[in-house]
Amino acid sequence: MARSKKELFDWALTACRENRIKRTRPLESVLRYLAQHDMPTSWSDLSEDREIKATCNAATVFRIATKLERAGILRRVGLHSRHSHYVLSAPGRHCDYLICRNCDKILDAPGSCPIHKIEEEVERELGFHADFHELEIYGQCRECQHKKGRTSHKPTHEHHTHS
Ligand SMILES: [Zn+2]
Ligand SMILES: [Zn+2]
């Protein structure tokens, strides 16, 4: 169920109206940016965007993001607020992520999602109807593992004098 960027933007505006979030130029610029980006965006990237920067400062971006998150319009991805990334959480938008704990890189989880099967199962067996799910898998990306292997590589032939 792919939405166009325009539809996503309109959905976000409507959701804001329903949540009584005042439509301001900074809000519009943040929503427009998020509607145009599929992958979660960090707060600093948002604040550094030229169009957003023209309407408000970084503190305002943070306030807007917090408000949107509370209203369920925005999903925060990542462990720490310092490295939080934001993505619009429109209904039916399915996003599972792989998050590197070392460099905070976020990747789209590839392949078909195994959670859908679990959702069908809980519906069948427990009568629980799932609306959506959020999956975040934390670990180390390929590049970080590579770097680590190079810098902290221990000699394989270590002689142990004590046993
Ligand atoms: Zn990494
Ligand atoms: Zn999924």
# chains A, B, ... in the order shown; residues from 1 in each chain; ligands from 1
$ closest_atom_pairs --of "chain A" --to "ligand 1" --cutoff "10 Å" --atoms "only C-alpha atoms and all ligand atoms" --output "Markdown table"
| residue | atom | partner | partner_atom_place_in_ligand_line | distance |
| --- | --- | --- | --- | --- |
| A:Ile99 | CA | ligand 1 | 1 (Zn) | 8.0 |
| A:Cys100 | CA | ligand 1 | 1 (Zn) | 4.7 |
| A:Arg101 | CA | ligand 1 | 1 (Zn) | 6.6 |
| A:Asn102 | CA | ligand 1 | 1 (Zn) | 4.9 |
| A:Cys103 | CA | ligand 1 | 1 (Zn) | 4.1 |
| A:Asp104 | CA | ligand 1 | 1 (Zn) | 6.3 |
| A:Lys105 | CA | ligand 1 | 1 (Zn) | 5.7 |
| A:Ile106 | CA | ligand 1 | 1 (Zn) | 8.6 |
| A:Gly139 | CA | ligand 1 | 1 (Zn) | 8.2 |
| A:Gln140 | CA | ligand 1 | 1 (Zn) | 5.4 |
| A:Cys141 | CA | ligand 1 | 1 (Zn) | 4.2 |
| A:Arg142 | CA | ligand 1 | 1 (Zn) | 6.7 |
| A:Glu143 | CA | ligand 1 | 1 (Zn) | 5.8 |
| A:Cys144 | CA | ligand 1 | 1 (Zn) | 4.3 |
| A:Gln145 | CA | ligand 1 | 1 (Zn) | 7.4 |
| A:His146 | CA | ligand 1 | 1 (Zn) | 9.3 |
| A:Lys147 | CA | ligand 1 | 1 (Zn) | 9.2 |
$ closest_atom_pairs --of "chain A" --to "ligand 2" --cutoff "6 Å" --atoms "only C-alpha atoms and all ligand atoms" --output "JSON lines"
{"residue": "A:Asp96", "atom": "CA", "partner": "ligand 2", "partner_atom_place_in_ligand_line": "1 (Zn)", "distance": 5.1}
{"residue": "A:Cys113", "atom": "CA", "partner": "ligand 2", "partner_atom_place_in_ligand_line": "1 (Zn)", "distance": 4.5}
{"residue": "A:Ile115", "atom": "CA", "partner": "ligand 2", "partner_atom_place_in_ligand_line": "1 (Zn)", "distance": 5.4}
$ residues_around --residues "Glu51 (chain A)" --least-positions-apart "6" --cutoff "12 Å" --atoms "only C-alpha atoms" --output "list in words"
Arg25, Pro26, Leu27, Glu28, Ser29, Val30, Leu31, Arg32, Tyr33, Asp45 and Asn57 of chain A
$ atom_distance --atom1 "CA of Gly92 (chain A)" --atom2 "CA of Leu46 (chain A)"
23.9 Å
$ select_by_dssp --residues "region 52-113 of chain A" --states "strand (DSSP E)" --output "CSV table (one decimal) with N, CA and C atoms, in the first residue's frame"
chain,number,residue,atom,x,y,z
A,74,LEU,N,4.2,10.7,14.4
A,74,LEU,CA,5.6,10.5,14.1
A,74,LEU,C,6.1,9.3,14.9
A,75,ARG,N,6.9,8.5,14.3
A,75,ARG,CA,7.5,7.4,15.1
A,75,ARG,C,8.9,7.7,15.3
A,76,ARG,N,9.4,7.5,16.5
A,76,ARG,CA,10.8,7.7,16.9
A,76,ARG,C,11.5,6.4,16.8
A,77,VAL,N,12.6,6.3,16.0
A,77,VAL,CA,13.3,5.1,15.8
A,77,VAL,C,14.7,5.3,16.5
A,85,HIS,N,15.8,9.1,15.4
A,85,HIS,CA,15.4,9.4,14.0
A,85,HIS,C,13.9,9.4,13.9
A,86,TYR,N,13.4,10.2,13.1
A,86,TYR,CA,11.9,10.3,13.0
A,86,TYR,C,11.4,9.9,11.6
A,87,VAL,N,10.2,9.3,11.6
A,87,VAL,CA,9.6,8.9,10.4
A,87,VAL,C,8.1,9.0,10.6
A,88,LEU,N,7.4,9.4,9.5
A,88,LEU,CA,5.9,9.5,9.7
A,88,LEU,C,5.3,8.1,9.8
A,96,ASP,N,10.1,-1.8,8.9
A,96,ASP,CA,10.9,-2.5,10.0
A,96,ASP,C,12.3,-2.1,9.7
A,97,TYR,N,13.1,-1.9,10.8
A,97,TYR,CA,14.4,-1.3,10.7
A,97,TYR,C,15.5,-2.1,11.3
A,98,LEU,N,16.7,-2.0,10.7
A,98,LEU,CA,17.9,-2.5,11.3
A,98,LEU,C,18.7,-1.3,11.8
A,99,ILE,N,19.1,-1.3,13.0
A,99,ILE,CA,19.8,-0.1,13.6
A,99,ILE,C,21.2,-0.5,14.1
A,100,CYS,N,22.2,0.1,13.6
A,100,CYS,CA,23.6,-0.1,14.0
A,100,CYS,C,23.8,0.6,15.3
A,106,ILE,N,20.7,3.5,10.0
A,106,ILE,CA,19.4,2.7,9.9
A,106,ILE,C,19.2,2.2,8.6
A,107,LEU,N,18.9,0.9,8.5
A,107,LEU,CA,18.7,0.2,7.2
A,107,LEU,C,17.2,-0.3,7.3
A,108,ASP,N,16.7,-0.5,6.1
A,108,ASP,CA,15.4,-1.1,5.9
A,108,ASP,C,15.6,-2.6,6.1
$ closest_residue --among "A:Pro40, A:Ile64, A:Ala90, A:His129" --to "Lys22 (chain A)" --atoms "only C-alpha atoms"
A:Ile64
$ closest_residue --among "A:Ala54, A:Leu126, A:Cys16, A:His116" --to "Ile73 (chain A)" --atoms "only C-alpha atoms"
A:Cys16
$ select_by_dssp --residues "region 8-120 of chain A" --states "alpha helix (DSSP H)" --output "PyMOL selection string"
chain A and resi 8-18+25-36+43-48+50-53+58-70+115-120
$ closest_residue --among "A:Arg50, A:Arg93, A:Arg20, A:His83" --to "Lys67 (chain A)" --atoms "only C-alpha atoms"
A:Arg20
$ closest_residue --among "A:Leu13, A:Ala58, A:Lys148, A:Ile118" --to "Ser42 (chain A)" --atoms "only C-alpha atoms"
A:Ala58
$ atom_distance --atom1 "CA of His37 (chain A)" --atom2 "CA of Asp10 (chain A)"
14.6 Å
